[in-house]
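Scroll down for the structure; my scribbles are underneath it.
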Amino acid sequence: SIPLPDPQTVTKTLYAGYGSADANNWTKSTDGATWTPGTVPSSPIAVAKLPTGAYYFERAATLNGKLYYPGDGYTLTTDAPILMSYDGTTDLEVLKIPYSDAAQANANNILDMVVFNGMLAFGVYDTGGSAPDHRGRVLLFSPALGYLYQVGNRFGGASGDNTGGMPFTLCSYGGKLWAGTYGVSGAAQGKIYSIRPLVDDSWTLDFTATSGQGWITSLCPYRGKLYAGTEGDAGSSPLVKVRATTGVWTTADTGGGVTGTNGYYCSLIVFEDNLFACYYDLDGGATTLIRKYNGTTWSTDLNVGTAYAALEPGQAFVFKSNLYISFVSTGQAANADGFILKKVADGSGTGAWTRPLNAVNTRGYMAQ
């Protein structure tokens with residue numbers, strides 16, 4: 001067995017990833033106020049290695065006192081993508097992503113990752129396929145056993161594959177692992193699948209989005225229901241969809257109409273019994289909002305563009321009872337104009353927003 005750190009003696013530290021253009025790789029804080037940049041851990045995966053147009057939705061994860069993240073220390077298509085871990089002292093390459101049996105070639109990159117039943121589940125964007133049915137897999141890693149499993153059947157366009165895009169966003173809900181798909185180009189029509197890992201052999205299709213309103217960008221359970229953020233194409237609107245316990249999906253929140261490029265909801269997270277969602281629209285000079293749902297009503301909790309700057313939202317994370325969201329610097333995480341916002345806990349989700357870190361080369365990753 002692997003000894004676990006004593007939570008009573010460990011100093012909790014929040015890490016935020018930097019873009020590859022910066023001399024540092026991450027910045028860290030033990031109180032959310034004072035931040036210290038450094039070169040350890042190593043650099044998270046560069047934007048250039050991710051699917052075009054789908055840069056900032058992926059997440060780092062925390063499991064058994066360690067930070068897990070997709071590493072940047074490989075050459076795209078030449079080498080296998082790598083999963084890294086950091087325990088506060090040692091930065092370690094945990095594994096290389098094996099070939100897909102369909103592609104027989106190196107995968108492109110690791111996508112979203114979540115903790116599921118004491119293991120780490122993450123999506124993989126494989127070589128091959130074509131829009132929207134890009135190839136991909138979901139893998140499940142047990143650090144305690146050192147085992148790596150493929151979860152269910154592949155994603156792609158071949159016979160027997162799950163269609164609708166690569167497995168782009170994941171969550172645990174109702175004892176199952178859920179995956180939302182992203183097809184990169186073409187009419188946005190993502191799908192949501194579920195599975196019982198290590199029990200079921202195949203994913204079960206649960207939802208197919210309306211064409212144009214549908215790449216699935218974020219999944220999050222809240223008050224017994226499952227919520228999904230979507231990306232909308234030009235001429236449509238991004239949505240938050242909600243799945244009732246009966247399995248019926250309906251629209252919970254609607255973003256502004258997209259006219260020129262695209263817009264999306266992302267970074268769904270529960271904080272103080274409220275559901276928070278970031279909304280970003282590229283039209284008209286960009287709009288960035290933080291939306292909040294209290295179980296009854298949706299409202300705009302903060303117009304980020306008006307208060308600070310309309311940057312693309314990255315990962316949201318609750319640390320020491322406060323909510324943090326990293327906003328990605330411009331130029332595909334290349335410039336020093338990114339920032340982190342903090343919402344102070346007050347027991348009801350109405351605490352003030354502040355900006356404890358500003359003018360940095362933020363990449364979007366955040367975990368402890």
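Ligands are numbered from 1 in the order shown, residues from 1 within each chain, and chains are lettered A, B, ... in the order they appear in the structure tokens.
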- Considering only C-alpha atoms, return as JSON, numbers by chain whatever protein or nucleic-acid residues lie within 10 Å of segment 334-343 of chain A, sequence-local ones (same chain, fewer than 2 positions apart) excluded. {"A": [16, 18, 19, 20, 21, 22, 32, 33, 46, 47, 271, 304, 308, 309, 311, 312, 313, 314, 315, 316, 317, 318, 319, 321, 322, 323, 324, 325, 326, 327, 328, 329, 330, 331, 332, 345, 346, 349, 350, 351, 352, 353, 354, 355, 356, 357, 358, 359, 360, 361, 362, 363, 364, 366]}
- For segment 88-105 of chain A, please output as a VMD selection string all residues within 10 Å (counting only C-alpha atoms; exclusion window: fewer than 6 positions along the same chain). chain A and resid 10 to 13 40 to 42 65 to 71 73 to 74 77 to 82 124 to 129 135 to 137 139 141 143 146 148 150 154 156 158 368
Could you take the residues named above and write them with N, CA and C atoms, as a short mmCIF file (atom, residue, chain, number, x, y, z; two decimals), in the first residue's frame?
data_model
loop_
_atom_site.label_atom_id
_atom_site.label_comp_id
_atom_site.auth_asym_id
_atom_site.auth_seq_id
_atom_site.Cartn_x
_atom_site.Cartn_y
_atom_site.Cartn_z
N VAL A 10 -0.20 18.48 6.86
CA VAL A 10 0.14 18.99 5.53
C VAL A 10 -0.30 20.45 5.40
N THR A 11 0.58 21.29 4.88
CA THR A 11 0.22 22.68 4.58
C THR A 11 -0.44 22.71 3.21
N LYS A 12 -1.70 23.06 3.17
CA LYS A 12 -2.42 23.09 1.90
C LYS A 12 -1.92 24.25 1.05
N THR A 13 -1.67 23.95 -0.22
CA THR A 13 -1.13 24.94 -1.14
C THR A 13 -1.93 24.92 -2.44
N VAL A 40 9.09 24.68 -10.43
CA VAL A 40 8.64 23.36 -10.01
C VAL A 40 7.24 23.51 -9.43
N PRO A 41 6.27 22.68 -9.86
CA PRO A 41 6.34 21.59 -10.81
C PRO A 41 6.74 22.05 -12.22
N SER A 42 6.92 21.07 -13.12
CA SER A 42 7.29 21.39 -14.50
C SER A 42 6.09 21.99 -15.24
N GLY A 65 -3.46 13.95 -1.74
CA GLY A 65 -2.43 14.92 -1.40
C GLY A 65 -1.46 15.24 -2.51
N LYS A 66 -1.75 14.78 -3.75
CA LYS A 66 -0.86 15.06 -4.87
C LYS A 66 -1.59 15.82 -5.97
N LEU A 67 -0.84 16.67 -6.64
CA LEU A 67 -1.34 17.40 -7.80
C LEU A 67 -1.03 16.58 -9.05
N TYR A 68 -2.04 16.30 -9.87
CA TYR A 68 -1.87 15.60 -11.14
C TYR A 68 -2.19 16.55 -12.27
N TYR A 69 -1.36 16.53 -13.32
CA TYR A 69 -1.57 17.44 -14.44
C TYR A 69 -0.93 16.90 -15.71
N PRO A 70 -1.43 17.29 -16.88
CA PRO A 70 -0.80 16.88 -18.14
C PRO A 70 0.51 17.63 -18.33
N GLY A 71 1.61 16.92 -18.50
CA GLY A 71 2.91 17.55 -18.65
C GLY A 71 3.17 18.00 -20.08
N GLY A 73 6.35 17.89 -21.39
CA GLY A 73 7.65 17.36 -21.79
C GLY A 73 7.60 16.27 -22.84
N TYR A 74 6.90 16.52 -23.92
CA TYR A 74 6.88 15.56 -25.03
C TYR A 74 6.66 16.33 -26.33
N THR A 77 2.81 14.14 -31.46
CA THR A 77 2.77 13.03 -32.43
C THR A 77 4.04 12.18 -32.43
N THR A 78 5.18 12.75 -32.06
CA THR A 78 6.42 11.97 -32.00
C THR A 78 6.51 11.15 -30.73
N ASP A 79 6.08 11.73 -29.61
CA ASP A 79 6.14 11.07 -28.31
C ASP A 79 4.73 10.88 -27.75
N ALA A 80 4.65 10.04 -26.74
CA ALA A 80 3.39 9.83 -26.04
C ALA A 80 3.16 10.96 -25.03
N PRO A 81 1.92 11.46 -24.89
CA PRO A 81 1.62 12.44 -23.85
C PRO A 81 1.92 11.87 -22.47
N ILE A 82 2.23 12.75 -21.53
CA ILE A 82 2.64 12.30 -20.20
C ILE A 82 1.74 12.86 -19.11
N VAL A 124 -8.62 11.32 -23.34
CA VAL A 124 -7.46 11.36 -24.23
C VAL A 124 -7.92 11.66 -25.65
N TYR A 125 -7.24 12.59 -26.30
CA TYR A 125 -7.49 12.90 -27.70
C TYR A 125 -6.50 12.11 -28.53
N ASP A 126 -7.00 11.12 -29.27
CA ASP A 126 -6.14 10.23 -30.04
C ASP A 126 -5.94 10.74 -31.47
N THR A 127 -4.97 10.15 -32.13
CA THR A 127 -4.72 10.42 -33.54
C THR A 127 -5.80 9.75 -34.38
N GLY A 128 -6.24 10.44 -35.45
CA GLY A 128 -7.18 9.83 -36.38
C GLY A 128 -8.59 10.33 -36.19
N GLY A 129 -9.47 9.82 -37.06
CA GLY A 129 -10.84 10.29 -37.08
C GLY A 129 -10.93 11.62 -37.80
N ARG A 135 -11.11 10.72 -32.74
CA ARG A 135 -10.87 9.57 -31.89
C ARG A 135 -10.48 9.99 -30.48
N GLY A 136 -10.86 9.18 -29.52
CA GLY A 136 -10.48 9.44 -28.14
C GLY A 136 -10.84 8.28 -27.25
N ARG A 137 -10.33 8.34 -26.02
CA ARG A 137 -10.61 7.31 -25.02
C ARG A 137 -10.74 7.98 -23.66
N LEU A 139 -9.46 6.99 -19.87
CA LEU A 139 -8.61 6.07 -19.12
C LEU A 139 -8.80 6.28 -17.63
N PHE A 141 -6.83 5.59 -13.95
CA PHE A 141 -5.54 5.26 -13.36
C PHE A 141 -5.67 5.11 -11.85
N PRO A 143 -3.43 5.10 -8.72
CA PRO A 143 -2.08 5.30 -8.17
C PRO A 143 -1.73 4.25 -7.12
N GLY A 146 -1.15 1.09 -9.35
CA GLY A 146 -0.30 1.28 -10.51
C GLY A 146 -0.93 0.77 -11.79
N LEU A 148 -3.58 0.97 -15.11
CA LEU A 148 -4.22 1.88 -16.03
C LEU A 148 -5.24 1.09 -16.85
N GLN A 150 -8.63 1.12 -19.66
CA GLN A 150 -9.48 1.85 -20.61
C GLN A 150 -10.92 1.68 -20.16
N ARG A 154 -14.20 2.94 -27.38
CA ARG A 154 -13.56 4.16 -27.85
C ARG A 154 -14.59 5.19 -28.31
N GLY A 156 -15.07 7.93 -31.54
CA GLY A 156 -14.59 8.10 -32.90
C GLY A 156 -15.69 7.83 -33.90
N ALA A 158 -15.54 5.04 -36.19
CA ALA A 158 -15.52 3.66 -36.68
C ALA A 158 -16.68 2.86 -36.09
N GLN A 368 -4.83 21.96 -5.85
CA GLN A 368 -3.96 22.03 -4.68
C GLN A 368 -3.10 20.79 -4.56
#
- Tell me which protein, DNA and RNA residues are within 12 Å of Pro51 of chain A, counting only C-alpha atoms, leaving out same-chain ones fewer than 6 positions away, and put them as a PyMOL selection string. chain A and resi 45+57-58+76+107-111+124-127+131+134-136+165-166+168+182-185
- Item | alpha helix (DSSP H) residues, from DSSP on the backbone, in segment 320-361 of chain A, as a PyMOL selection string | chain A and resi 330-333
Store the residues of this selection in a file with all heavy atoms, as a PDB file, in the first residue's frame.
ATOM      1  N   THR A 330      -4.053  36.572 -22.589  1.00  0.00           N
ATOM      2  CA  THR A 330      -4.312  36.650 -24.022  1.00  0.00           C
ATOM      3  C   THR A 330      -3.174  36.047 -24.839  1.00  0.00           C
ATOM      4  O   THR A 330      -2.114  35.732 -24.303  1.00  0.00           O
ATOM      5  CB  THR A 330      -4.517  38.114 -24.444  1.00  0.00           C
ATOM      6  OG1 THR A 330      -3.339  38.864 -24.093  1.00  0.00           O
ATOM      7  CG2 THR A 330      -5.727  38.721 -23.754  1.00  0.00           C
ATOM      8  N   GLY A 331      -3.409  35.901 -26.142  1.00  0.00           N
ATOM      9  CA  GLY A 331      -2.393  35.332 -27.012  1.00  0.00           C
ATOM     10  C   GLY A 331      -2.170  33.869 -26.753  1.00  0.00           C
ATOM     11  O   GLY A 331      -1.052  33.375 -26.822  1.00  0.00           O
ATOM     12  N   GLN A 332      -3.272  33.138 -26.432  1.00  0.00           N
ATOM     13  CA  GLN A 332      -3.181  31.710 -26.108  1.00  0.00           C
ATOM     14  C   GLN A 332      -2.210  31.476 -24.950  1.00  0.00           C
ATOM     15  O   GLN A 332      -1.274  30.680 -25.011  1.00  0.00           O
ATOM     16  CB  GLN A 332      -2.777  30.893 -27.332  1.00  0.00           C
ATOM     17  CG  GLN A 332      -3.780  30.990 -28.459  1.00  0.00           C
ATOM     18  CD  GLN A 332      -3.424  30.124 -29.643  1.00  0.00           C
ATOM     19  OE1 GLN A 332      -2.445  29.394 -29.626  1.00  0.00           O
ATOM     20  NE2 GLN A 332      -4.221  30.194 -30.685  1.00  0.00           N
ATOM     21  N   ALA A 333      -2.466  32.198 -23.876  1.00  0.00           N
ATOM     22  CA  ALA A 333      -1.684  32.085 -22.639  1.00  0.00           C
ATOM     23  C   ALA A 333      -0.233  32.508 -22.839  1.00  0.00           C
ATOM     24  O   ALA A 333       0.688  31.927 -22.276  1.00  0.00           O
ATOM     25  CB  ALA A 333      -1.747  30.669 -22.071  1.00  0.00           C
TER      26      ALA A 333
END
9 Å contact set for segment 245-250 of chain A, only C-alpha atoms, chain neighbours under 6 positions out, as a CSV table (one decimal) with all heavy atoms, in the first residue's frame:
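Output contents, as saved in result.csv:
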chain,number,residue,atom,x,y,z
A,206,ASP,N,-26.7,9.3,-23.3
A,206,ASP,CA,-27.8,9.8,-22.5
A,206,ASP,C,-28.4,11.1,-23.1
A,206,ASP,O,-29.6,11.4,-22.8
A,206,ASP,CB,-27.2,10.2,-21.1
A,206,ASP,CG,-28.3,10.4,-20.1
A,206,ASP,OD1,-28.8,9.4,-19.5
A,206,ASP,OD2,-28.7,11.5,-19.8
A,207,PHE,N,-27.7,11.9,-23.9
A,207,PHE,CA,-28.2,13.1,-24.4
A,207,PHE,C,-27.4,13.5,-25.7
A,207,PHE,O,-26.2,13.3,-25.8
A,207,PHE,CB,-27.9,14.2,-23.3
A,207,PHE,CG,-28.2,15.6,-23.8
A,207,PHE,CD1,-29.5,16.1,-24.0
A,207,PHE,CD2,-27.2,16.5,-24.1
A,207,PHE,CE1,-29.8,17.3,-24.5
A,207,PHE,CE2,-27.5,17.8,-24.5
A,207,PHE,CZ,-28.8,18.2,-24.7
A,224,GLY,N,-28.6,17.0,-6.7
A,224,GLY,CA,-29.1,15.8,-7.2
A,224,GLY,C,-29.4,15.7,-8.7
A,224,GLY,O,-29.8,14.7,-9.2
A,225,LYS,N,-29.1,16.8,-9.4
A,225,LYS,CA,-29.3,16.8,-10.9
A,225,LYS,C,-27.9,17.1,-11.5
A,225,LYS,O,-27.0,17.5,-10.9
A,225,LYS,CB,-30.2,17.9,-11.3
A,225,LYS,CG,-31.6,17.8,-10.7
A,225,LYS,CD,-32.5,18.9,-11.1
A,225,LYS,CE,-33.9,18.8,-10.5
A,225,LYS,NZ,-34.8,19.9,-10.8
A,226,LEU,N,-27.8,16.7,-12.8
A,226,LEU,CA,-26.6,16.9,-13.6
A,226,LEU,C,-26.7,18.1,-14.5
A,226,LEU,O,-27.7,18.2,-15.2
A,226,LEU,CB,-26.3,15.7,-14.4
A,226,LEU,CG,-25.0,15.7,-15.2
A,226,LEU,CD1,-23.8,15.9,-14.3
A,226,LEU,CD2,-24.8,14.4,-16.0
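Put simply, atom CA of Asp31 of chain A is 27.4 Å away from atom CA of Ser218 of chain A.
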